[in-house]
$ cat input09.cif   # mmCIF, C-alpha atoms and all ligand atoms
data_upload
loop_
_atom_site.group_PDB
_atom_site.id
_atom_site.type_symbol
_atom_site.label_atom_id
_atom_site.label_comp_id
_atom_site.auth_asym_id
_atom_site.auth_seq_id
_atom_site.Cartn_x
_atom_site.Cartn_y
_atom_site.Cartn_z
ATOM 1 C CA MET A 144 142.237 25.144 62.404
ATOM 2 C CA SER A 145 139.539 22.464 62.101
ATOM 3 C CA THR A 146 140.522 18.808 62.023
ATOM 4 C CA ASP A 147 139.306 15.697 60.213
ATOM 5 C CA ARG A 148 140.709 12.184 59.932
ATOM 6 C CA VAL A 149 143.068 11.717 56.996
ATOM 7 C CA SER A 150 140.938 9.396 54.929
ATOM 8 C CA THR A 151 140.985 11.314 51.688
ATOM 9 C CA VAL A 152 143.723 13.618 50.511
ATOM 10 C CA TYR A 153 141.519 16.565 49.619
ATOM 11 C CA LYS A 154 140.659 17.903 53.055
ATOM 12 C CA ASP A 155 143.313 20.611 53.183
ATOM 13 C CA PRO A 156 142.580 22.595 50.010
ATOM 14 C CA ILE A 157 144.660 25.449 48.655
ATOM 15 C CA ASP A 158 142.859 28.771 49.002
ATOM 16 C CA THR A 159 144.486 31.338 46.728
ATOM 17 C CA GLU A 160 142.374 34.220 48.060
ATOM 18 C CA TYR A 161 143.683 33.575 51.567
ATOM 19 C CA ILE A 162 147.259 33.417 50.262
ATOM 20 C CA LYS A 163 146.889 36.580 48.155
ATOM 21 C CA GLU A 164 145.434 38.472 51.106
ATOM 22 C CA GLY A 165 148.234 37.312 53.405
ATOM 23 C CA LEU A 166 150.889 38.381 50.919
ATOM 24 C CA HIS A 167 149.172 41.713 50.415
ATOM 25 C CA LYS A 168 149.047 42.299 54.180
ATOM 26 C CA ALA A 169 152.748 41.451 54.386
ATOM 27 C CA GLY A 170 153.447 44.070 51.700
ATOM 28 C CA LEU A 171 154.665 41.484 49.196
ATOM 29 C CA PRO A 172 153.441 42.107 45.656
ATOM 30 C CA VAL A 173 153.322 38.595 44.214
ATOM 31 C CA CYS A 174 151.079 37.213 41.473
ATOM 32 C CA VAL A 175 149.551 33.922 42.686
ATOM 33 C CA VAL A 176 148.450 31.178 40.293
ATOM 34 C CA TYR A 177 146.910 27.859 41.354
ATOM 35 C CA LYS A 178 146.755 24.699 39.256
ATOM 36 C CA GLU A 179 144.856 21.607 40.292
ATOM 37 C CA GLU A 180 147.239 19.547 38.163
ATOM 38 C CA THR A 181 150.268 20.452 36.090
ATOM 39 C CA GLY A 182 153.549 19.140 34.721
ATOM 40 C CA SER A 183 156.030 21.136 36.788
ATOM 41 C CA THR A 184 155.366 24.377 38.682
ATOM 42 C CA ASN A 185 158.983 25.420 37.967
ATOM 43 C CA GLU A 186 158.205 25.377 34.277
ATOM 44 C CA ASP A 187 154.872 27.184 34.761
ATOM 45 C CA ALA A 188 156.437 29.877 36.921
ATOM 46 C CA ARG A 189 159.250 30.462 34.455
ATOM 47 C CA LEU A 190 156.834 30.931 31.565
ATOM 48 C CA LEU A 191 154.389 33.103 33.498
ATOM 49 C CA ALA A 192 157.053 35.345 34.996
ATOM 50 C CA THR A 193 158.808 36.136 31.734
ATOM 51 C CA GLY A 194 157.999 39.808 31.207
ATOM 52 C CA SER A 195 156.181 40.159 34.543
ATOM 53 C CA ASP A 196 157.037 43.149 36.739
ATOM 54 C CA ILE A 197 156.372 41.247 39.927
ATOM 55 C CA PRO A 198 157.311 37.763 41.154
ATOM 56 C CA VAL A 199 154.975 34.939 40.138
ATOM 57 C CA LEU A 200 154.067 32.138 42.538
ATOM 58 C CA VAL A 201 152.609 28.936 41.080
ATOM 59 C CA ILE A 202 151.105 26.362 43.433
ATOM 60 C CA ALA A 203 149.841 22.958 42.293
ATOM 61 C CA ASN A 204 147.828 20.239 43.982
ATOM 62 C CA LYS A 205 149.528 17.607 41.841
ATOM 63 C CA GLN A 206 152.470 17.471 39.409
ATOM 64 C CA ASN A 207 152.821 14.926 36.642
ATOM 65 C CA LYS A 208 156.403 15.816 35.818
ATOM 66 C CA GLY A 209 157.716 17.135 39.119
ATOM 67 C CA ARG A 210 161.429 17.789 38.653
ATOM 68 C CA GLY A 211 164.154 17.139 41.166
ATOM 69 C CA ARG A 212 167.832 17.943 41.014
ATOM 70 C CA ARG A 213 170.084 16.211 38.504
ATOM 71 C CA GLY A 214 167.214 15.210 36.231
ATOM 72 C CA ARG A 215 165.473 13.148 38.882
ATOM 73 C CA ASP A 216 161.687 13.043 39.269
ATOM 74 C CA PHE A 217 159.965 14.510 42.273
ATOM 75 C CA TYR A 218 157.025 12.386 43.418
ATOM 76 C CA SER A 219 154.079 14.788 43.581
ATOM 77 C CA PRO A 220 150.757 13.042 44.325
ATOM 78 C CA ALA A 221 147.522 15.010 44.671
ATOM 79 C CA GLY A 222 146.589 16.649 47.927
ATOM 80 C CA THR A 223 149.263 15.326 50.257
ATOM 81 C CA GLY A 224 152.161 17.556 49.279
ATOM 82 C CA LEU A 225 152.799 21.194 48.615
ATOM 83 C CA TYR A 226 154.325 21.935 45.219
ATOM 84 C CA MET A 227 155.170 25.568 44.661
ATOM 85 C CA SER A 228 157.556 27.653 42.602
ATOM 86 C CA ILE A 229 158.294 31.329 42.789
ATOM 87 C CA ALA A 230 159.906 33.051 39.820
ATOM 88 C CA MET A 231 161.600 36.364 40.416
ATOM 89 C CA GLY A 232 163.098 38.670 37.842
ATOM 90 C CA ASN A 233 166.576 39.748 38.823
ATOM 91 C CA ALA A 234 166.121 38.558 42.377
ATOM 92 C CA LYS A 235 168.541 40.808 44.230
ATOM 93 C CA GLU A 236 170.760 40.984 41.163
ATOM 94 C CA LEU A 237 170.356 37.255 40.648
ATOM 95 C CA ILE A 238 171.785 35.953 43.870
ATOM 96 C CA LYS A 239 173.938 33.005 42.832
ATOM 97 C CA THR A 240 171.651 29.975 42.504
ATOM 98 C CA VAL A 241 173.444 28.009 45.201
ATOM 99 C CA LYS A 242 172.924 30.894 47.612
ATOM 100 C CA MET A 243 169.286 31.267 46.627
ATOM 101 C CA THR A 244 168.727 27.562 47.179
ATOM 102 C CA ALA A 245 170.321 27.770 50.602
ATOM 103 C CA ILE A 246 168.278 30.836 51.563
ATOM 104 C CA ALA A 247 165.153 29.004 50.401
ATOM 105 C CA ALA A 248 166.114 26.029 52.573
ATOM 106 C CA VAL A 249 166.369 28.312 55.606
ATOM 107 C CA ALA A 250 162.998 29.881 54.751
ATOM 108 C CA VAL A 251 161.307 26.490 54.399
ATOM 109 C CA ALA A 252 162.835 25.114 57.604
ATOM 110 C CA LYS A 253 161.627 28.169 59.531
ATOM 111 C CA ALA A 254 158.196 28.040 57.887
ATOM 112 C CA ILE A 255 157.695 24.359 58.709
ATOM 113 C CA ASP A 256 158.731 24.916 62.313
ATOM 114 C CA ASN A 257 156.391 27.895 62.678
ATOM 115 C CA ALA A 258 153.421 26.234 60.971
ATOM 116 C CA VAL A 259 153.751 22.732 62.395
ATOM 117 C CA PHE A 260 156.034 22.688 65.437
ATOM 118 C CA SER A 261 154.994 25.866 67.283
ATOM 119 C CA GLY A 262 158.236 27.607 66.321
ATOM 120 C CA THR A 263 160.589 25.074 67.908
ATOM 121 C CA ASP A 264 163.726 24.299 65.856
ATOM 122 C CA THR A 265 162.894 20.882 64.416
ATOM 123 C CA SER A 266 163.704 21.010 60.691
ATOM 124 C CA LEU A 267 167.314 20.440 59.680
ATOM 125 C CA ILE A 268 169.021 21.295 56.394
ATOM 126 C CA LYS A 269 171.015 18.668 54.545
ATOM 127 C CA TRP A 270 173.492 20.464 52.318
ATOM 128 C CA VAL A 271 172.596 22.021 50.157
ATOM 129 C CA ASN A 272 168.871 22.052 49.822
ATOM 130 C CA ASP A 273 167.007 19.199 51.486
ATOM 131 C CA ILE A 274 164.964 19.531 54.644
ATOM 132 C CA TYR A 275 165.165 16.645 57.080
ATOM 133 C CA ILE A 276 163.081 15.767 60.100
ATOM 134 C CA ASP A 277 163.790 12.628 62.126
ATOM 135 C CA GLU A 278 166.414 11.482 59.592
ATOM 136 C CA ARG A 279 163.908 11.632 56.720
ATOM 137 C CA LYS A 280 163.710 14.033 53.782
ATOM 138 C CA VAL A 281 160.470 16.006 53.996
ATOM 139 C CA CYS A 282 161.253 18.656 51.385
ATOM 140 C CA GLY A 283 163.393 19.176 48.310
ATOM 141 C CA ILE A 284 164.219 22.453 46.603
ATOM 142 C CA LEU A 285 165.174 23.028 42.988
ATOM 143 C CA SER A 286 166.424 26.493 42.064
ATOM 144 C CA GLU A 287 167.031 27.373 38.462
ATOM 145 C CA ALA A 288 168.421 30.559 36.929
ATOM 146 C CA PHE A 289 167.534 31.660 33.423
ATOM 147 C CA LEU A 290 169.792 34.380 32.122
ATOM 148 C CA SER A 291 168.908 36.616 29.227
ATOM 149 C CA PRO A 292 170.715 35.563 26.036
ATOM 150 C CA GLU A 293 171.082 39.265 25.222
ATOM 151 C CA ASN A 294 173.361 40.319 28.049
ATOM 152 C CA GLY A 295 173.836 37.058 29.958
ATOM 153 C CA LYS A 296 172.793 38.925 33.088
ATOM 154 C CA ASP A 297 169.129 39.913 33.310
ATOM 155 C CA GLY A 298 166.865 36.995 33.823
ATOM 156 C CA LEU A 299 164.812 34.953 36.211
ATOM 157 C CA VAL A 300 165.452 32.875 39.276
ATOM 158 C CA VAL A 301 162.894 30.123 39.863
ATOM 159 C CA VAL A 302 162.798 28.534 43.296
ATOM 160 C CA GLY A 303 160.759 25.327 43.333
ATOM 161 C CA ILE A 304 159.796 23.791 46.647
ATOM 162 C CA GLY A 305 158.206 20.397 47.219
ATOM 163 C CA ILE A 306 157.089 19.552 50.759
ATOM 164 C CA ASN A 307 155.630 16.178 51.764
ATOM 165 C CA VAL A 308 152.951 17.526 54.092
ATOM 166 C CA TYR A 309 150.804 14.433 54.707
ATOM 167 C CA GLU A 310 151.814 10.786 54.500
ATOM 168 C CA PRO A 311 150.524 9.601 51.101
ATOM 169 C CA ASP A 312 147.822 6.913 51.193
ATOM 170 C CA GLY A 313 149.727 3.631 50.934
ATOM 171 C CA GLY A 314 153.078 5.335 51.572
ATOM 172 C CA PHE A 315 155.731 6.433 49.066
ATOM 173 C CA PRO A 316 156.509 4.204 46.104
ATOM 174 C CA GLY A 317 159.675 2.131 45.668
ATOM 175 C CA ASP A 318 162.998 3.525 46.748
ATOM 176 C CA ILE A 319 161.568 6.853 47.881
ATOM 177 C CA ASN A 320 159.961 5.055 50.789
ATOM 178 C CA MET A 321 163.412 4.388 52.242
ATOM 179 C CA LYS A 322 164.248 8.014 52.809
ATOM 180 C CA ALA A 323 161.161 10.209 52.399
ATOM 181 C CA GLY A 324 159.307 11.585 55.392
ATOM 182 C CA TYR A 325 156.289 13.822 55.902
ATOM 183 C CA LEU A 326 155.094 16.396 58.379
ATOM 184 C CA ILE A 327 151.801 14.749 59.361
ATOM 185 C CA PRO A 328 151.515 10.945 59.633
ATOM 186 C CA ALA A 329 148.435 9.169 58.246
ATOM 187 C CA GLY A 330 147.239 8.357 61.752
ATOM 188 C CA GLN A 331 146.899 12.039 62.608
ATOM 189 C CA ARG A 332 144.082 14.376 61.664
ATOM 190 C CA VAL A 333 144.162 16.597 58.594
ATOM 191 C CA ARG A 334 144.907 20.176 59.560
ATOM 192 C CA LYS A 335 142.662 22.193 57.333
ATOM 193 C CA GLY A 336 144.470 25.396 56.404
ATOM 194 C CA LEU A 337 147.949 23.974 56.985
ATOM 195 C CA ARG A 338 149.031 23.993 53.343
ATOM 196 C CA ASN A 339 147.853 27.614 52.947
ATOM 197 C CA ALA A 340 149.671 28.626 56.129
ATOM 198 C CA LEU A 341 152.829 26.920 54.862
ATOM 199 C CA VAL A 342 152.746 28.687 51.484
ATOM 200 C CA LEU A 343 152.352 32.079 53.121
ATOM 201 C CA GLU A 344 155.002 31.456 55.730
ATOM 202 C CA VAL A 345 157.529 30.120 53.179
ATOM 203 C CA ILE A 346 157.150 33.180 50.958
ATOM 204 C CA LYS A 347 157.327 35.630 53.852
ATOM 205 C CA GLN A 348 160.416 33.922 55.257
ATOM 206 C CA LEU A 349 162.032 33.767 51.812
ATOM 207 C CA PHE A 350 161.691 37.491 51.182
ATOM 208 C CA GLY A 351 162.740 38.202 54.770
ATOM 209 C CA TYR A 352 165.950 36.177 54.541
ATOM 210 C CA MET A 353 166.832 37.494 51.068
ATOM 211 C CA ASP A 354 167.254 40.852 52.822
ATOM 212 C CA LEU A 355 169.137 39.336 55.774
ATOM 213 C CA PRO A 356 172.066 37.368 54.319
ATOM 214 C CA GLU A 357 173.997 37.091 57.583
ATOM 215 C CA GLU A 358 171.014 35.862 59.566
ATOM 216 C CA SER A 359 170.284 33.356 56.805
ATOM 217 C CA LEU A 360 173.809 31.958 56.953
ATOM 218 C CA ALA A 361 173.717 31.714 60.755
ATOM 219 C CA GLU A 362 170.370 29.927 60.660
ATOM 220 C CA TYR A 363 171.645 27.572 57.950
ATOM 221 C CA ARG A 364 174.691 26.696 60.029
ATOM 222 C CA SER A 365 172.689 26.080 63.169
ATOM 223 C CA ARG A 366 170.329 23.774 61.269
ATOM 224 C CA SER A 367 173.038 21.922 59.344
ATOM 225 C CA TYR A 368 172.181 18.224 59.426
ATOM 226 C CA LEU A 369 175.618 17.074 58.339
ATOM 227 C CA THR A 370 178.031 19.074 60.468
ATOM 228 C CA GLY A 371 180.094 16.664 62.549
ATOM 229 C CA SER A 372 179.095 13.618 60.482
ATOM 230 C CA TYR A 373 181.059 11.354 58.169
ATOM 231 C CA VAL A 374 179.456 11.284 54.718
ATOM 232 C CA LYS A 375 180.214 10.010 51.224
ATOM 233 C CA VAL A 376 180.833 12.544 48.472
ATOM 234 C CA ASN A 377 179.558 12.095 44.941
ATOM 235 C CA SER A 378 181.210 14.712 42.744
ATOM 236 C CA PHE A 379 179.326 13.606 39.589
ATOM 237 C CA VAL A 380 182.578 14.128 37.689
ATOM 238 C CA PRO A 381 182.902 11.414 34.999
ATOM 239 C CA GLY A 382 185.803 9.140 35.801
ATOM 240 C CA ASP A 383 185.625 10.154 39.461
ATOM 241 C CA GLU A 384 183.095 7.540 40.536
ATOM 242 C CA ASP A 385 184.756 6.596 43.801
ATOM 243 C CA LYS A 386 182.802 8.096 46.617
ATOM 244 C CA GLU A 387 185.151 9.412 49.213
ATOM 245 C CA CYS A 388 184.304 9.403 52.874
ATOM 246 C CA VAL A 389 184.775 12.811 54.488
ATOM 247 C CA LYS A 390 184.066 14.436 57.799
ATOM 248 C CA VAL A 391 181.859 17.517 57.549
ATOM 249 C CA LEU A 392 183.438 20.363 59.490
ATOM 250 C CA GLY A 393 180.860 23.032 58.697
ATOM 251 C CA ILE A 394 179.458 25.493 56.177
ATOM 252 C CA ASP A 395 181.553 28.322 54.727
ATOM 253 C CA ASP A 396 180.408 31.896 54.024
ATOM 254 C CA GLU A 397 179.197 30.972 50.523
ATOM 255 C CA TYR A 398 177.224 27.941 51.759
ATOM 256 C CA GLY A 399 179.973 25.562 50.645
ATOM 257 C CA LEU A 400 180.454 22.339 52.594
ATOM 258 C CA ILE A 401 183.765 22.262 54.466
ATOM 259 C CA ALA A 402 184.991 18.682 54.360
ATOM 260 C CA GLU A 403 188.008 16.924 55.833
ATOM 261 C CA TYR A 404 189.288 14.051 53.689
ATOM 262 C CA GLU A 405 190.851 10.878 55.005
ATOM 263 C CA ASN A 406 194.353 12.169 54.164
ATOM 264 C CA GLY A 407 193.720 15.197 56.362
ATOM 265 C CA GLN A 408 193.181 17.595 53.475
ATOM 266 C CA ILE A 409 190.408 20.135 53.982
ATOM 267 C CA LYS A 410 188.364 21.223 50.969
ATOM 268 C CA THR A 411 185.208 23.216 50.474
ATOM 269 C CA LEU A 412 182.645 21.575 48.213
ATOM 270 C CA THR A 413 180.541 23.930 46.157
ATOM 271 C CA SER A 414 178.672 21.352 44.101
ATOM 272 C CA GLY A 415 178.022 17.635 44.056
ATOM 273 C CA GLU A 416 176.046 15.665 46.568
ATOM 274 C CA VAL A 417 176.751 13.803 49.739
ATOM 275 C CA SER A 418 174.999 10.687 50.905
ATOM 276 C CA VAL A 419 174.029 10.554 54.444
ATOM 277 C CA GLY A 420 174.831 7.136 55.927
ATOM 278 C CA LYS A 421 174.809 9.673 58.764
ATOM 279 C CA SER A 422 177.178 8.897 61.515
ATOM 280 C CA THR A 423 179.325 10.783 63.927
ATOM 281 C CA THR A 424 182.026 8.178 63.542
ATOM 282 C CA LYS A 425 183.987 6.872 60.558
ATOM 283 C CA SER A 426 182.359 3.936 58.727
HETATM 284 C C1 LIG B 501 165.014 17.631 44.861
HETATM 285 O O1 LIG B 501 164.704 17.089 45.931
HETATM 286 O O2 LIG B 501 165.865 17.149 44.115
HETATM 287 C C2 LIG B 501 164.317 18.899 44.480
HETATM 288 C C3 LIG B 501 162.835 18.707 44.368
HETATM 289 C C4 LIG B 501 162.075 19.964 43.995
HETATM 290 C C5 LIG B 501 160.612 19.695 43.800
HETATM 291 C C6 LIG B 501 159.813 20.940 43.586
HETATM 292 S S1 LIG B 501 158.077 20.614 43.645
HETATM 293 C C7 LIG B 501 157.744 22.187 43.033
HETATM 294 C C8 LIG B 501 158.778 22.473 41.965
HETATM 295 N N1 LIG B 501 158.373 21.956 40.693
HETATM 296 C C9 LIG B 501 159.179 21.004 40.260
HETATM 297 O O3 LIG B 501 159.053 20.394 39.181
HETATM 298 N N2 LIG B 501 160.157 20.793 41.138
HETATM 299 C C10 LIG B 501 160.045 21.667 42.276
#
$ encode --input "input09.cif" --output "structure tokens"
Amino acid sequence: MSTDRVSTVYKDPIDTEYIKEGLHKAGLPVCVVYKEETGSTNEDARLLATGSDIPVLVIANKQNKGRGRRGRDFYSPAGTGLYMSIAMGNAKELIKTVKMTAIAAVAVAKAIDNAVFSGTDTSLIKWVNDIYIDERKVCGILSEAFLSPENGKDGLVVVGIGINVYEPDGGFPGDINMKAGYLIPAGQRVRKGLRNALVLEVIKQLFGYMDLPEESLAEYRSRSYLTGSYVKVNSFVPGDEDKECVKVLGIDDEYGLIAEYENGQIKTLTSGEVSVGKSTTKS
């Protein structure tokens, strides 16, 4: 890989031919679409994949309406991040979205470690779908399932992945700056080819782990950022605004978060969010 100082954000371009060839060599029939700028790649992938026989991968250099979970925005400036969505018809009989999200998190963590950290286990997974490095969120994943209104079964799964590859010029705006991280700091050189390598590696790992559910779960558990920590739970249930402090005991077989409450009760959370105030002791 050649290197250049990070002075502009356009020195690590997306090369769709390289990505298509890599996917072809890996025996993965995927339609690849690149957009210099778009609203949301999740939306693009959903529309393009409807009626397609093969999965559709949409990659964008910039998103104007990048979507996060729970209606939040995902900051998606040009050139510094990787914004990609893969839409798959009936992905393995529509693996439950929470499972798909978790498998995608494992795939991304592995891909980042292979592409950036010479394969050493560096990326952690914050339940259920965020990737953390050095206590900072470097990637978010939004999986959406669209079932057919005809039989409520056939449909599409769209897995959208946003990775902060380079530190944005001037840093992240507002609140995001408090918790967002990136793979390559501004002081380091641009790694030309890194974003292409990441796309390829993420897709290969994703298809690999979709066929290896037990390995995926084991990898998820070993990379769990929260296990052993005390965290606050936000259930998002109206009228249930109090955030309870729980100790995270682990991850169950369905990627639920096993939590011990202050009264000693143990419950498995299957939805909601936890905030990290990460600590190994009670706050
Ligand atoms: C989150 O952190 O809440 C999830 C963020 C997911 C962002 C990715 S970027 C590519 C794809 N397109 C979107 O609009 N969202 C996802």
$ resolve_selection --input "input09.cif" --expression "the PyMOL selection byres (((not hetatm)) within 7 of (chain B and resi 501))" --output "list of chain:residue names"
A:Ser183, A:Thr184, A:Asn185, A:Lys208, A:Gly209, A:Arg210, A:Gly211, A:Arg212, A:Arg215, A:Phe217, A:Tyr226, A:Met227, A:Ser228, A:Asp273, A:Cys282, A:Gly283, A:Ile284, A:Leu285, A:Gly303, A:Ile304, A:Gly305
$ atom_distance --input "input09.cif" --atom1 "CA of Ile268 (chain A)" --atom2 "CA of Ser365 (chain A)"
9.1 Å
$ resolve_selection --input "input09.cif" --expression "the PyMOL selection byres (((chain A and resi 252-265) around 8) and not hetatm)" --output "PyMOL selection string"
chain A and resi 248-251+266-268+274+276+326+337+340-341+344-345+348
$ atom_distance --input "input09.cif" --atom1 "CA of Leu392 (chain A)" --atom2 "CA of Arg213 (chain A)"
25.2 Å
$ atom_distance --input "input09.cif" --atom1 "CA of Ala221 (chain A)" --atom2 "CA of Ala247 (chain A)"
23.2 Å
$ closest_residue --input "input09.cif" --among "A:Leu290, A:Trp270, A:Val281, A:Tyr325" --to "Val419 (chain A)" --atoms "only C-alpha atoms"
A:Trp270
$ residues_around --input "input09.cif" --residues "Asn377 (chain A)" --least-positions-apart "4" --cutoff "6 Å" --atoms "all atoms listed in the file" --output "ChimeraX atom specification"
/A:386,415-417
$ residues_around --input "input09.cif" --residues "Arg279 (chain A)" --least-positions-apart "5" --cutoff "6 Å" --atoms "only C-alpha atoms" --output "PyMOL selection string"
chain A and resi 322-324
$ residues_around --input "input09.cif" --residues "Tyr352 (chain A)" --least-positions-apart "4" --cutoff "10 Å" --atoms "all atoms listed in the file" --output "ChimeraX atom specification"
/A:243,246-247,249-250,346-348,356-360,362
$ decode --input "input09.cif" --residues "region 343-351 of chain A" --atoms "all heavy atoms" --output "CSV table (one decimal), in the first residue's frame"
chain,number,residue,atom,x,y,z
A,343,LEU,N,-13.9,-5.5,1.1
A,343,LEU,CA,-13.7,-6.9,0.7
A,343,LEU,C,-13.7,-7.8,1.9
A,343,LEU,O,-14.4,-8.8,1.9
A,343,LEU,CB,-12.4,-7.0,0.0
A,343,LEU,CG,-12.4,-7.3,-1.5
A,343,LEU,CD1,-11.0,-7.7,-2.0
A,343,LEU,CD2,-13.4,-8.5,-1.8
A,344,GLU,N,-12.9,-7.4,2.9
A,344,GLU,CA,-12.8,-8.3,4.0
A,344,GLU,C,-14.1,-8.4,4.8
A,344,GLU,O,-14.4,-9.4,5.3
A,344,GLU,CB,-11.6,-7.7,4.9
A,344,GLU,CG,-11.1,-8.5,6.0
A,344,GLU,CD,-10.5,-9.9,5.6
A,344,GLU,OE1,-10.1,-10.0,4.4
A,344,GLU,OE2,-10.4,-10.7,6.4
A,345,VAL,N,-14.8,-7.2,5.0
A,345,VAL,CA,-16.1,-7.3,5.7
A,345,VAL,C,-17.0,-8.2,5.0
A,345,VAL,O,-17.7,-9.1,5.7
A,345,VAL,CB,-16.7,-5.9,5.8
A,345,VAL,CG1,-18.2,-5.9,6.2
A,345,VAL,CG2,-15.9,-5.0,6.7
A,346,ILE,N,-17.1,-8.1,3.7
A,346,ILE,CA,-18.1,-9.0,3.0
A,346,ILE,C,-17.7,-10.5,3.1
A,346,ILE,O,-18.5,-11.4,3.3
A,346,ILE,CB,-18.3,-8.5,1.5
A,346,ILE,CG1,-18.8,-7.1,1.5
A,346,ILE,CG2,-19.3,-9.5,0.8
A,346,ILE,CD1,-20.1,-6.9,2.2
A,347,LYS,N,-16.4,-10.7,2.9
A,347,LYS,CA,-16.0,-12.1,3.0
A,347,LYS,C,-16.2,-12.7,4.4
A,347,LYS,O,-16.7,-13.8,4.5
A,347,LYS,CB,-14.5,-12.2,2.7
A,347,LYS,CG,-14.1,-12.1,1.2
A,347,LYS,CD,-12.7,-12.6,1.1
A,347,LYS,CE,-11.9,-11.7,0.1
A,347,LYS,NZ,-10.5,-12.0,0.2
A,348,GLN,N,-15.9,-11.9,5.4
A,348,GLN,CA,-16.1,-12.4,6.8
A,348,GLN,C,-17.6,-12.6,7.1
A,348,GLN,O,-18.0,-13.5,7.7
A,348,GLN,CB,-15.5,-11.4,7.8
A,348,GLN,CG,-14.0,-11.2,7.7
A,348,GLN,CD,-13.3,-12.4,8.3
A,348,GLN,OE1,-13.8,-13.3,9.0
A,348,GLN,NE2,-12.0,-12.5,8.0
A,349,LEU,N,-18.4,-11.7,6.5
A,349,LEU,CA,-19.9,-11.7,6.8
A,349,LEU,C,-20.4,-13.0,6.2
A,349,LEU,O,-21.1,-13.8,6.9
A,349,LEU,CB,-20.6,-10.5,6.1
A,349,LEU,CG,-22.1,-10.4,6.3
A,349,LEU,CD1,-22.4,-10.3,7.8
A,349,LEU,CD2,-22.7,-9.3,5.6
A,350,PHE,N,-20.1,-13.3,5.0
A,350,PHE,CA,-20.6,-14.6,4.4
A,350,PHE,C,-20.0,-15.8,5.1
A,350,PHE,O,-20.7,-16.8,5.3
A,350,PHE,CB,-20.4,-14.6,2.9
A,350,PHE,CG,-21.4,-13.8,2.1
A,350,PHE,CD1,-21.1,-12.5,1.7
A,350,PHE,CD2,-22.6,-14.3,1.8
A,350,PHE,CE1,-22.0,-11.8,1.0
A,350,PHE,CE2,-23.6,-13.6,1.1
A,350,PHE,CZ,-23.3,-12.3,0.7
A,351,GLY,N,-18.8,-15.7,5.5
A,351,GLY,CA,-18.1,-16.8,6.2
A,351,GLY,C,-18.9,-17.1,7.5
A,351,GLY,O,-19.3,-18.2,7.8
